[in-house]
Structure formats: C-alpha cells, structure tokens
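Undergrad: Take a look at final.pdb, PDB, C-alpha atoms:
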ATOM      1  CA  MET Y  16      49.988 -46.131 185.380
ATOM      2  CA  ASN Y  17      52.643 -43.415 185.159
ATOM      3  CA  MET Y  18      51.663 -41.156 182.250
ATOM      4  CA  LYS Y  19      55.084 -39.520 182.001
ATOM      5  CA  MET Y  20      56.537 -40.504 178.647
ATOM      6  CA  LYS Y  21      60.139 -41.305 177.803
ATOM      7  CA  LYS Y  22      61.143 -39.464 174.647
ATOM      8  CA  ILE Y  23      63.451 -41.555 172.483
ATOM      9  CA  LEU Y  24      65.402 -40.671 169.350
ATOM     10  CA  LEU Y  25      66.651 -43.493 167.154
ATOM     11  CA  MET Y  26      70.131 -42.364 166.144
ATOM     12  CA  SER Y  27      72.238 -43.192 163.121
ATOM     13  CA  GLY Y  28      75.132 -41.438 161.482
ATOM     14  CA  GLY Y  29      72.847 -39.979 158.815
ATOM     15  CA  PHE Y  30      71.418 -36.566 158.029
ATOM     16  CA  ASP Y  31      67.896 -37.323 159.286
ATOM     17  CA  SER Y  32      68.783 -38.371 162.819
ATOM     18  CA  LEU Y  33      71.522 -35.747 163.224
ATOM     19  CA  LEU Y  34      69.138 -32.977 162.155
ATOM     20  CA  LEU Y  35      66.464 -34.362 164.492
ATOM     21  CA  SER Y  36      68.965 -34.614 167.341
ATOM     22  CA  TYR Y  37      69.583 -30.894 166.990
ATOM     23  CA  GLN Y  38      65.905 -29.962 166.614
ATOM     24  CA  THR Y  39      64.784 -32.083 169.590
ATOM     25  CA  ARG Y  40      67.819 -31.543 171.839
ATOM     26  CA  PHE Y  41      65.722 -30.111 174.689
ATOM     27  CA  VAL Y  42      63.060 -32.857 174.789
ATOM     28  CA  ILE Y  43      64.795 -36.198 174.175
ATOM     29  CA  THR Y  44      65.475 -38.332 177.255
ATOM     30  CA  ASP Y  45      67.096 -41.379 175.582
ATOM     31  CA  TYR Y  46      69.224 -41.726 172.458
ATOM     32  CA  ILE Y  47      69.334 -45.248 171.013
ATOM     33  CA  TYR Y  48      71.526 -46.688 168.252
ATOM     34  CA  LEU Y  49      70.469 -50.083 166.902
ATOM     35  CA  GLN Y  50      72.955 -52.478 165.328
ATOM     36  CA  TYR Y  51      71.139 -54.746 162.883
ATOM     37  CA  GLY Y  52      73.817 -55.989 160.482
ATOM     38  CA  GLN Y  53      74.532 -52.771 158.600
ATOM     39  CA  LYS Y  54      77.878 -52.696 156.728
ATOM     40  CA  PHE Y  55      78.530 -49.086 157.686
ATOM     41  CA  LEU Y  56      78.470 -49.732 161.445
ATOM     42  CA  GLN Y  57      81.987 -48.418 162.149
ATOM     43  CA  GLN Y  58      81.433 -45.267 160.078
ATOM     44  CA  GLU Y  59      78.171 -44.493 161.872
ATOM     45  CA  LYS Y  60      79.784 -45.121 165.252
ATOM     46  CA  ALA Y  61      82.601 -42.707 164.319
ATOM     47  CA  VAL Y  62      80.021 -40.017 163.466
ATOM     48  CA  LEU Y  63      78.157 -40.696 166.711
ATOM     49  CA  LEU Y  64      81.361 -40.498 168.748
ATOM     50  CA  LYS Y  65      81.829 -36.957 167.395
ATOM     51  CA  TRP Y  66      78.180 -36.260 168.241
ATOM     52  CA  ILE Y  67      78.707 -37.505 171.832
ATOM     53  CA  GLN Y  68      81.835 -35.368 172.203
ATOM     54  CA  HIS Y  69      79.967 -32.321 170.917
ATOM     55  CA  THR Y  70      76.677 -32.716 172.791
ATOM     56  CA  LYS Y  71      77.969 -34.423 175.966
ATOM     57  CA  LYS Y  72      74.964 -36.759 175.759
ATOM     58  CA  ALA Y  73      75.011 -40.544 176.012
ATOM     59  CA  ILE Y  74      73.845 -43.044 173.408
ATOM     60  CA  GLN Y  75      72.681 -46.543 174.265
ATOM     61  CA  TYR Y  76      74.067 -49.028 171.749
ATOM     62  CA  CYS Y  77      71.731 -51.995 171.340
ATOM     63  CA  GLU Y  78      72.101 -55.038 169.142
ATOM     64  CA  ILE Y  79      69.096 -56.684 167.547
ATOM     65  CA  PRO Y  80      69.007 -59.815 165.362
ATOM     66  CA  LYS Y  81      70.803 -59.218 162.075
ATOM     67  CA  LEU Y  82      68.649 -58.451 159.092
ATOM     68  CA  LYS Y  83      69.470 -59.608 155.583
ATOM     69  CA  GLN Y  84      70.166 -56.959 152.988
ATOM     70  CA  ILE Y  85      68.277 -57.418 149.711
ATOM     71  CA  ASP Y  86      69.162 -55.146 146.781
ATOM     72  CA  GLY Y  87      70.848 -52.743 149.189
ATOM     73  CA  MET Y  88      67.829 -52.477 151.491
ATOM     74  CA  PHE Y  89      66.897 -53.925 154.870
ATOM     75  CA  PHE Y  90      63.197 -54.699 154.530
ATOM     76  CA  GLY Y  91      61.150 -54.816 157.724
ATOM     77  CA  ARG Y  92      63.781 -53.081 159.809
ATOM     78  CA  ASN Y  93      61.447 -50.417 161.196
ATOM     79  CA  LEU Y  94      58.983 -53.038 162.409
ATOM     80  CA  GLN Y  95      61.836 -54.768 164.224
ATOM     81  CA  PHE Y  96      63.132 -51.443 165.609
ATOM     82  CA  MET Y  97      59.765 -50.466 167.069
ATOM     83  CA  LEU Y  98      59.077 -53.898 168.554
ATOM     84  CA  PHE Y  99      62.527 -53.846 170.157
ATOM     85  CA  LEU Y 100      61.853 -50.415 171.683
ATOM     86  CA  ARG Y 101      58.430 -51.491 172.927
ATOM     87  CA  GLU Y 102      60.016 -54.466 174.714
ATOM     88  CA  LYS Y 103      63.011 -52.456 175.992
ATOM     89  CA  TYR Y 104      60.692 -49.904 177.586
ATOM     90  CA  LEU Y 105      58.094 -52.417 178.713
ATOM     91  CA  ASN Y 106      55.581 -50.948 181.189
ATOM     92  CA  GLN Y 107      56.567 -47.413 180.203
ATOM     93  CA  ASN Y 108      54.848 -44.943 177.941
ATOM     94  CA  ILE Y 109      57.192 -43.854 175.162
ATOM     95  CA  VAL Y 110      57.438 -41.371 172.323
ATOM     96  CA  VAL Y 111      59.790 -42.398 169.521
ATOM     97  CA  TYR Y 112      61.125 -39.655 167.263
ATOM     98  CA  PHE Y 113      61.859 -41.201 163.905
ATOM     99  CA  GLY Y 114      63.857 -39.644 161.056
ATOM    100  CA  ASN Y 115      62.090 -40.744 157.908
ATOM    101  CA  ASN Y 116      61.459 -38.463 154.927
ATOM    102  CA  ALA Y 117      59.036 -38.047 152.030
ATOM    103  CA  THR Y 118      61.416 -39.418 149.387
ATOM    104  CA  ASP Y 119      62.767 -42.460 151.237
ATOM    105  CA  THR Y 120      62.785 -45.622 149.119
ATOM    106  CA  TYR Y 121      62.203 -48.103 151.946
ATOM    107  CA  SER Y 122      58.642 -49.413 151.754
ATOM    108  CA  ASP Y 123      58.363 -49.475 155.553
ATOM    109  CA  ASN Y 124      59.553 -45.899 156.027
ATOM    110  CA  SER Y 125      56.494 -43.929 155.003
ATOM    111  CA  PHE Y 126      54.565 -41.828 157.492
ATOM    112  CA  GLU Y 127      51.446 -43.930 156.803
ATOM    113  CA  TYR Y 128      53.310 -47.160 157.514
ATOM    114  CA  MET Y 129      54.691 -45.780 160.777
ATOM    115  CA  MET Y 130      51.187 -44.725 161.897
ATOM    116  CA  ARG Y 131      49.810 -48.206 161.101
ATOM    117  CA  LEU Y 132      52.727 -49.703 163.005
ATOM    118  CA  GLU Y 133      52.022 -47.457 165.999
ATOM    119  CA  LYS Y 134      48.392 -48.641 166.031
ATOM    120  CA  ILE Y 135      49.338 -52.321 165.756
ATOM    121  CA  ILE Y 136      51.854 -52.049 168.602
ATOM    122  CA  ASN Y 137      49.423 -50.123 170.818
ATOM    123  CA  ASP Y 138      46.695 -52.693 170.112
ATOM    124  CA  SER Y 139      49.164 -55.458 171.036
ATOM    125  CA  TYR Y 140      50.295 -53.729 174.246
ATOM    126  CA  PRO Y 141      47.063 -52.064 175.436
ATOM    127  CA  HIS Y 142      48.273 -51.201 178.954
ATOM    128  CA  MET Y 143      51.021 -48.834 177.766
ATOM    129  CA  ALA Y 144      51.254 -46.174 175.080
ATOM    130  CA  MET Y 145      53.739 -45.785 172.250
ATOM    131  CA  ARG Y 146      53.723 -42.736 169.990
ATOM    132  CA  ILE Y 147      55.804 -42.557 166.836
ATOM    133  CA  ILE Y 148      56.546 -39.004 165.745
ATOM    134  CA  CYS Y 149      58.012 -38.310 162.308
ATOM    135  CA  PRO Y 150      58.876 -34.578 162.220
ATOM    136  CA  LEU Y 151      60.674 -34.813 158.861
ATOM    137  CA  ALA Y 152      58.083 -36.978 157.088
ATOM    138  CA  ASN Y 153      56.885 -34.190 154.772
ATOM    139  CA  LEU Y 154      60.379 -33.148 153.692
ATOM    140  CA  ALA Y 155      62.301 -34.519 150.731
ATOM    141  CA  LYS Y 156      65.782 -35.858 151.465
ATOM    142  CA  ASP Y 157      67.436 -32.944 149.643
ATOM    143  CA  GLN Y 158      65.543 -30.492 151.881
ATOM    144  CA  ILE Y 159      66.755 -32.356 154.971
ATOM    145  CA  VAL Y 160      70.350 -32.270 153.719
ATOM    146  CA  MET Y 161      70.102 -28.539 152.984
ATOM    147  CA  ASP Y 162      68.467 -27.887 156.386
ATOM    148  CA  TYR Y 163      71.242 -29.838 158.075
ATOM    149  CA  TYR Y 164      73.990 -27.852 156.344
ATOM    150  CA  ARG Y 165      72.124 -24.625 157.103
ATOM    151  CA  THR Y 166      72.073 -25.677 160.759
ATOM    152  CA  LEU Y 167      75.847 -26.203 160.567
ATOM    153  CA  LEU Y 168      76.317 -22.665 159.258
ATOM    154  CA  TYR Y 169      74.537 -21.094 162.232
ATOM    155  CA  THR Y 170      75.711 -23.412 165.017
ATOM    156  CA  ASN Y 171      78.864 -25.223 165.959
ATOM    157  CA  TYR Y 172      77.106 -28.530 165.285
ATOM    158  CA  GLY Y 173      79.842 -29.519 162.812
ATOM    159  CA  ILE Y 174      79.358 -33.244 162.401
ATOM    160  CA  GLU Y 175      79.610 -34.676 158.883
ATOM    161  CA  PRO Y 176      77.059 -37.506 158.418
ATOM    162  CA  TYR Y 177      77.893 -40.851 156.836
ATOM    163  CA  TYR Y 178      75.626 -41.923 153.984
ATOM    164  CA  CYS Y 179      77.335 -44.655 151.901
ATOM    165  CA  ASP Y 180      75.880 -48.187 151.848
ATOM    166  CA  SER Y 181      79.244 -49.816 151.040
ATOM    167  CA  GLY Y 182      80.709 -49.665 154.523
ATOM    168  CA  LYS Y 183      83.957 -48.236 153.166
ATOM    169  CA  PRO Y 184      85.634 -45.402 155.117
ATOM    170  CA  GLU Y 185      85.007 -42.953 152.282
ATOM    171  CA  PRO Y 186      81.777 -42.855 150.233
ATOM    172  CA  CYS Y 187      82.090 -45.176 147.213
ATOM    173  CA  GLY Y 188      80.154 -42.902 144.846
ATOM    174  CA  LYS Y 189      78.329 -45.857 143.251
ATOM    175  CA  CYS Y 190      75.776 -47.196 145.749
ATOM    176  CA  HIS Y 191      72.159 -46.053 146.000
ATOM    177  CA  SER Y 192      72.842 -43.622 148.865
ATOM    178  CA  CYS Y 193      75.857 -42.090 147.120
ATOM    179  CA  MET Y 194      73.836 -41.571 143.924
ATOM    180  CA  VAL Y 195      71.056 -39.906 145.931
ATOM    181  CA  MET Y 196      73.622 -37.626 147.589
ATOM    182  CA  LYS Y 197      75.206 -36.705 144.224
ATOM    183  CA  ASN Y 198      71.786 -35.683 142.888
ATOM    184  CA  ILE Y 199      71.030 -33.667 146.027
ATOM    185  CA  LEU Y 200      74.339 -31.829 145.810
ATOM    186  CA  LYS Y 201      73.801 -31.126 142.081
ATOM    187  CA  ARG Y 202      70.335 -29.695 142.755
ATOM    188  CA  SER Y 203      71.493 -27.630 145.724
ATOM    189  CA  ALA Y 204      74.388 -26.185 143.690
ATOM    190  CA  LYS Y 205      71.815 -24.777 141.240
ATOM    191  CA  LEU Y 206      70.009 -22.865 144.006
TER     192      LEU Y 206
END
Take the structure in the file and write it out as structure tokens.
TA:
Amino acid sequence: MNMKMKKILLMSGGFDSLLLSYQTRFVITDYIYLQYGQKFLQQEKAVLLKWIQHTKKAIQYCEIPKLKQIDGMFFGRNLQFMLFLREKYLNQNIVVYFGNNATDTYSDNSFEYMMRLEKIINDSYPHMAMRIICPLANLAKDQIVMDYYRTLLYTNYGIEPYYCDSGKPEPCGKCHSCMVMKNILKRSAKL
C-alpha cells in the first residue's frame, strides 16, 4: 500500500476555510468544494473564484445529495462530507483539513465528533487511512475572524468571505450567521 497521503482542504467561502487555505498553502494537494443544497452557493462560488484568481490553484467542485436545512442548520453534513471524501479517494490514504472552531453551533462540528468520525471511517475502511485534522478547533469564531483580517493586513490575500445563511448577494443582517458576525465585529471594535 502506498503510504503517501493526499492532503485535502474542504473549501467554502467562509472565514475558516479561507484562513486554513492560507495557513496550509504549502501542504495541500487537493482543494474540494462540496455542493449540498446550501442557499449561498453562488456567493461562495464568487468568493472562491477570487481565491482561484489570487492563488492560481484549482478547486474541484463536487455535488453530493442535497441535505435538508432545519432551523438554519444542515445536520449530519460533516458525516456525509467525510464519507464522500473516503469514497472519492478510495484506495488512497488521505488527510482532510477541516475548518471547524470551538464556538460552532453545529452538533457534528466539534473536534470530539470529528475524531469519533475518523475512527468510525477507518474501522469501516481498514485497508486505507483517513486522518481528519482540525487546526482551528481550539479557536473561537471571533478569533478566527480577527486572525483572518490580520492575515489580510500583512499579505495581499484580500478575499472577503461570505457568511450569510440567506443566500442573498449582500448579508441580510438577520440570520444566525449575520448575528454572530455582528457580535464578533462589536467585540473586536472594543479591542
């Protein structure tokens, strides 16, 4: 078995994956964007097009079965993401860099959940390895946002993330993600 591992970053148009794409720019071999029924698909693709133009790297766009949104959340999406990646890279050892954070409200986004998921997938596919690495797991979302903007100050990595759940071209200011962002910006203004 070839022990060389593909290093994959799950991309989105959000702060977490854009910060990770900068931090891991010298190690990632494959960038993947998964379409799963999100309303903000066009906005994320617009952000990623700017990212592609800036970095000159390619993103693989993959569609998976649509998930239903319940109370603004897609439950079970990370399980589906990881199973998709395991099947896509069948017979290959892979490392998946995943942009979760300590204050995420998705129940399947915690570091502990991702480690359990890694074990279940590796037990189910014993002849190949999958590692899930969560470099931002100990950081609160506001720290990630501040780190991202700090990165923008010192580099020419000037890509504005999309964070609204509404799918409208401009953030609506009322959804869960917009409220989180308002609170982050209020707190960071006090620093």
Undergrad: What is the distance, in Å and to one decimal place, between atom CA of Y:Pro176 and atom CA of Y:Leu49?
TA: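 Separation of atom CA of Y:Pro176 and atom CA of Y:Leu49: 16.5 Å.
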Undergrad: Expressed in Å to a single decimal, how great is the separation between atom CA of Y:Tyr51 and atom CA of Y:Leu82?
TA: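 According to the coordinates, atom CA of Y:Tyr51 and atom CA of Y:Leu82 are separated by 5.9 Å.
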Undergrad: How big is the axis-aligned box, and where does its centre sit, when it encloses all atoms of stretch 95-111 of chain Y listed in the file and has 5 Å added on every side, reported in Å to one decimal as JSON?
TA:
{"center_x": 59.0, "center_y": -48.1, "center_z": 172.7, "size_x": 18.3, "size_y": 23.4, "size_z": 27.0}
Undergrad: Report, in Å to a single decimal, how far apart atom CA of Y:Lys197 and atom CA of Y:Met161 are.
TA: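 Taking atom CA of Y:Met161 as the start and atom CA of Y:Lys197 as the end point, the length is 13.0 Å.
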Undergrad: Residues of stretch 42-75 of chain Y within 10 Å of stretch 181-185 of chain Y: nearest atom pair and distance (Å, one decimal) for each, counting only C-alpha atoms, sorted by chain and number, as JSON lines?
TA:
{"residue": "Y:Gln53", "atom": "CA", "partner": "Y:Gly182", "partner_atom": "CA", "distance": 8.0}
{"residue": "Y:Lys54", "atom": "CA", "partner": "Y:Gly182", "partner_atom": "CA", "distance": 4.7}
{"residue": "Y:Phe55", "atom": "CA", "partner": "Y:Gly182", "partner_atom": "CA", "distance": 3.9}
{"residue": "Y:Leu56", "atom": "CA", "partner": "Y:Gly182", "partner_atom": "CA", "distance": 7.3}
{"residue": "Y:Gln57", "atom": "CA", "partner": "Y:Gly182", "partner_atom": "CA", "distance": 7.8}
{"residue": "Y:Gln58", "atom": "CA", "partner": "Y:Pro184", "partner_atom": "CA", "distance": 6.5}
{"residue": "Y:Glu59", "atom": "CA", "partner": "Y:Gly182", "partner_atom": "CA", "distance": 9.3}
Undergrad: Using only C-alpha atoms, which residues of stretch 75-107 of chain Y come within 10 Å of stretch 127-131 of chain Y, and what is the closest atom pair for each, with the distance in Å to one decimal? Give it as a tab-separated table, sorted by chain and residue number.
TA:
residue	atom	partner	partner_atom	distance
Y:Asn93	CA	Y:Met129	CA	8.2
Y:Leu94	CA	Y:Met129	CA	8.6
Y:Met97	CA	Y:Met129	CA	9.3
Undergrad: Evaluate the PyMOL selection byres ((chain Y and resi 90) around 12) here and jot the selected residues down as a list in words.
TA: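 Output from the PyMOL selection byres ((chain Y and resi 90) around 12), applied to this file: Tyr51, Lys81, Leu82, Lys83, Gln84, Ile85, Asp86, Gly87, Met88, Phe89, Gly91, Arg92, Asn93, Leu94, Gln95, Phe96, Thr120, Tyr121, Ser122, Asp123 and Asn124 of chain Y.
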Undergrad: The PyMOL selection byres ((chain Y and resi 148) around 10) on the file shown: which residues, as a PyMOL selection string?
TA: chain Y and resi 23-24+110-115+126+129-130+133+145-147+149-152
Undergrad: Please enumerate the residues selected by the PyMOL selection byres ((chain Y and resi 37) around 10) when evaluated against the supplied file, formatted as a PyMOL selection string.
TA: chain Y and resi 32-36+38-41+70+163+166+170+172
Undergrad: In terms of the shortest atom-to-atom distance over only C-alpha atoms, which of Y:Asn116, Y:Gln75, Y:Asn106, Y:Gln50 is closest to Y:His142?
TA: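 Result for the nearest residue to Y:His142: Y:Asn106.
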Undergrad: For Y:Tyr177, which of Y:Lys60, Y:Ile74, Y:Lys22, Y:Tyr46 is the closest residue, counting only C-alpha atoms?
TA: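 Looking at the shortest contact to Y:Tyr177, the residue is Y:Lys60.
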Undergrad: Using all atoms listed in the file, can you tell me which of Y:Gln158, Y:Asn198, Y:Asn153, Y:Gln107 comes closest to Y:Tyr140?
TA: Y:Gln107
Undergrad: Kindly indicate which residue among Y:Ile136, Y:Leu154, Y:Ile47, Y:Val160 lies nearest to Y:Phe30, using only C-alpha atoms for the distances.
TA: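 Looking at the shortest contact to Y:Phe30, the residue is Y:Val160.
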Undergrad: Using all atoms listed in the file, find the one residue out of Y:Glu102, Y:Asp157, Y:Asp138, Y:Asp162 that sits nearest to Y:Asp119.
TA: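 That would be Y:Asp157, the residue with the smallest distance to Y:Asp119.
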Undergrad: Between Y:Cys187, Y:Arg101, Y:Met20, Y:Asp31, which has the minimum distance to Y:Tyr164 (counting all atoms listed in the file)?
TA: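 The shortest atom-to-atom distance to Y:Tyr164 comes from Y:Asp31.
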